[in-house]
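Down below is the structure, laid out as structure tokens.
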Amino acid sequence: MDGLGGNTMGQSKAAIVSPSARPDADVDYTFIQIFPDQPAGITYKMNCGNIAAGVPAFALMKNLIPNVPDGEVTIRAFSVNTQKMIYLTLEVLNGEARVAGETAIGGVPGTGAEVLVDFRDQAGGFTGKLFPTGHLVDSIAMDDGSSVEVTIVDMVNVCAFFEPLSFGLGYTGLELPDRDGTVVKPPGMESRLTELRLKVAQLTGWNQYTLDSIRKVALPFAVSVTTPRDYTDLDGDRVQAGDIDLVARFYLESVMHHATPGSGSTCLGAAASVPGTIPNRVLAAGDLKAGKGGRLTFGHPSGRFGLASQPVLGASPNETTFAKLAFARTARIICDGRVYIKNIRPPEHARWVEVDEITAASFFRYADEVNIQK
């Protein structure tokens, strides 16, 4: 994640950046996911906070933003994908992004200068509402006669948060994924998650899915949240209860994410900031639980993730907004130049084509297994 080359989905992303004609934005940012195992396959139906972190460094290098002073600067990037604003705060030195620093990101070698990615304006991107049902908590009636309480939130992505005890099956919320993400613990987990995700989708008005098709799409995420407890992560490191505010496990396509998606983490941060939600329930007493905002640090299968939240609570759940909803990333310019590619491709792929929703969503699961066709 800090060099040239690579043929996985995580290294096959593109950003189109240009000066913005909008008075409230500095640049326009279009994110494109390229599928390395499909000739000429792309999608615009995603957003990427990691790639967004590189937007200000690129924009400053290319002089797309005039008269930027040195010091801490916030760049306003209009996301063409979601039609929402992203705020990117970084240090500027001699008119360009400062890249040397002490910020460390899990999975990225070394350290760098912090780029704060703030998604505070991303609420309702899929459903038009922060809380799609209008409720802080909904009860999902399951086919076996039981019920599961969920908090459904649409912030960057749509997530349904639940507590392990409510879910049943002896699920603890401390389980770890297998290498391929397959849900094998406890028995019956995969089918119950699939049923839950389908009923959450239907509750939000997405009636196009079946039990079969919901397995092939990423949204809605199902996310378990529980009180802090000690556990050993996938790298063999100990995550201490005293260092985190809660434990979370993210399920995409009913399989567990090996870490935590930035988009889903932002959604969790938003949900935990609002009193009465299920993520807020599991917090210890303090400013964050009281709806005053603060820093949320949670444990996931590969370690810890932290973000800052500043909610502005409204009279009803959907009147809540955020003055801040941000997490740290690093970015640097790796190469600037031209790469010339042979125009040799099958006749049926004479141009780039946008892949269908299910194909696009499936790569959330198989991102680390995708290799370029030879």
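Residue numbering restarts at 1 in every chain; chains get A, B, ... in the order shown in the structure tokens, and ligands count up from 1 in that same order.
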Next on the checklist: With DSSP run on the backbone, what are the helix (DSSP H, G or I) residues within range 121-282 of chain A? I'd like them as a PyMOL selection string.
Outcome noted: chain A and resi 164-167+189-203+213-216+241-243+262-272+278-281
Checklist entry - Val312 in chain A: which residues within 7 Å, counting only C-alpha atoms, same-chain residues fewer than 4 positions away excluded, as a PyMOL selection string? => result chain A and resi 320-323
Suppose we keep C-alpha atoms; can you now write the selection as a short mmCIF file (atom, residue, chain, number, x, y, z; two decimals), in the first residue's frame?
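Everything below was put into result.cif:
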data_model
loop_
_atom_site.label_atom_id
_atom_site.label_comp_id
_atom_site.auth_asym_id
_atom_site.auth_seq_id
_atom_site.Cartn_x
_atom_site.Cartn_y
_atom_site.Cartn_z
CA THR A 320 -29.37 15.05 13.68
CA THR A 321 -26.38 16.39 11.74
CA PHE A 322 -22.64 16.28 12.33
CA ALA A 323 -20.11 19.06 12.68
#
Next on the checklist: Measuring between only C-alpha atoms, which one of A:Thr330, A:Trp352, A:Asp138, A:Arg281 shows the shortest distance to Gly101 in chain A?
Outcome noted: A:Thr330
Per residue of range 40-149 of chain A within 12 Å of range 212-229 of chain A, which atom pair is closest and at what distance in Å (one decimal), using only C-alpha atoms, listed by chain and increasing number, as CSV?
residue,atom,partner,partner_atom,distance
A:Lys45,CA,A:Ala218,CA,11.2
A:Met46,CA,A:Ala218,CA,10.4
A:Phe126,CA,A:Leu219,CA,10.0
A:Thr127,CA,A:Pro220,CA,11.3
A:Pro132,CA,A:Pro220,CA,11.7
A:Val148,CA,A:Ser224,CA,11.4
A:Glu149,CA,A:Ser224,CA,11.0
Checklist outcome for this item: The residue from A:Gly242, A:Gly112, A:Pro186, A:Gly128 with the smallest atom-to-atom distance to Thr204 in chain A, counting only C-alpha atoms, is A:Gly128
Next on the checklist: Applying 8 Å and only C-alpha atoms, which residues near Met85 in chain A remain after dropping the ones on its own chain fewer than 3 positions away? List them as a PyMOL selection string.
Outcome noted: chain A and resi 25+76-79+119+121-122
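If only C-alpha atoms are the atoms counted, then among A:Thr172, A:Gln33, A:Thr103, A:Gln83 the closest residue to Ala331 in chain A is A:Thr103.
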Item to check | strand (DSSP E or B) call set, DSSP backbone run, range 212-374 of chain A, as an NGL selection string | outcome: :A and (221-226 or 231-232 or 238-239 or 246-252 or 255-256 or 294-300 or 303-312 or 321-329 or 353-354)
For the selection you just gave me, I'd like the residues written to a file as a PDB file, in the first residue's frame, keeping C-alpha atoms.
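Okay, result_27.pdb is ready:
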ATOM      1  CA  PHE A 221     -23.720  -4.195   6.153  1.00  0.00           C
ATOM      2  CA  ALA A 222     -24.627  -6.163   9.287  1.00  0.00           C
ATOM      3  CA  VAL A 223     -22.486  -5.036  12.218  1.00  0.00           C
ATOM      4  CA  SER A 224     -22.336  -6.569  15.683  1.00  0.00           C
ATOM      5  CA  VAL A 225     -21.353  -4.296  18.564  1.00  0.00           C
ATOM      6  CA  THR A 226     -20.582  -5.318  22.119  1.00  0.00           C
ATOM      7  CA  TYR A 231      -9.238 -10.651  22.660  1.00  0.00           C
ATOM      8  CA  THR A 232      -6.402 -11.688  20.364  1.00  0.00           C
ATOM      9  CA  ARG A 238      -3.741  -8.581  22.202  1.00  0.00           C
ATOM     10  CA  VAL A 239      -6.534  -5.985  22.018  1.00  0.00           C
ATOM     11  CA  LEU A 246     -16.598  -1.233  22.026  1.00  0.00           C
ATOM     12  CA  VAL A 247     -15.933  -4.307  19.863  1.00  0.00           C
ATOM     13  CA  ALA A 248     -17.341  -4.463  16.316  1.00  0.00           C
ATOM     14  CA  ARG A 249     -17.542  -7.094  13.590  1.00  0.00           C
ATOM     15  CA  PHE A 250     -18.594  -6.078  10.071  1.00  0.00           C
ATOM     16  CA  TYR A 251     -20.392  -8.519   7.771  1.00  0.00           C
ATOM     17  CA  LEU A 252     -20.540  -7.837   4.025  1.00  0.00           C
ATOM     18  CA  VAL A 255     -19.175 -12.851   5.567  1.00  0.00           C
ATOM     19  CA  MET A 256     -16.957 -11.153   8.124  1.00  0.00           C
ATOM     20  CA  GLY A 294     -15.694  12.809  21.269  1.00  0.00           C
ATOM     21  CA  ARG A 295     -13.367  10.072  20.119  1.00  0.00           C
ATOM     22  CA  LEU A 296     -14.569   6.527  19.462  1.00  0.00           C
ATOM     23  CA  THR A 297     -12.005   3.713  19.433  1.00  0.00           C
ATOM     24  CA  PHE A 298     -13.253   0.239  18.657  1.00  0.00           C
ATOM     25  CA  GLY A 299     -11.711  -3.184  18.272  1.00  0.00           C
ATOM     26  CA  HIS A 300     -12.014  -5.203  15.035  1.00  0.00           C
ATOM     27  CA  GLY A 303      -6.744  -4.383  15.706  1.00  0.00           C
ATOM     28  CA  ARG A 304      -8.215  -0.982  16.534  1.00  0.00           C
ATOM     29  CA  PHE A 305      -9.772   1.925  14.639  1.00  0.00           C
ATOM     30  CA  GLY A 306     -10.362   5.453  15.934  1.00  0.00           C
ATOM     31  CA  LEU A 307     -12.437   8.364  14.723  1.00  0.00           C
ATOM     32  CA  ALA A 308     -13.735  11.666  16.065  1.00  0.00           C
ATOM     33  CA  SER A 309     -17.395  12.651  16.139  1.00  0.00           C
ATOM     34  CA  GLN A 310     -19.230  15.886  16.885  1.00  0.00           C
ATOM     35  CA  PRO A 311     -22.992  15.394  16.547  1.00  0.00           C
ATOM     36  CA  VAL A 312     -25.583  18.145  16.474  1.00  0.00           C
ATOM     37  CA  THR A 321     -26.382  16.386  11.744  1.00  0.00           C
ATOM     38  CA  PHE A 322     -22.641  16.279  12.326  1.00  0.00           C
ATOM     39  CA  ALA A 323     -20.107  19.062  12.678  1.00  0.00           C
ATOM     40  CA  LYS A 324     -17.347  16.453  12.475  1.00  0.00           C
ATOM     41  CA  LEU A 325     -17.081  12.757  11.601  1.00  0.00           C
ATOM     42  CA  ALA A 326     -13.451  12.131  10.781  1.00  0.00           C
ATOM     43  CA  PHE A 327     -10.663   9.552  10.778  1.00  0.00           C
ATOM     44  CA  ALA A 328      -6.953   9.761  10.004  1.00  0.00           C
ATOM     45  CA  ARG A 329      -5.161   8.538   6.898  1.00  0.00           C
ATOM     46  CA  VAL A 353     -18.033  -0.642 -19.419  1.00  0.00           C
ATOM     47  CA  GLU A 354     -19.741  -0.216 -16.064  1.00  0.00           C
TER      48      GLU A 354
END
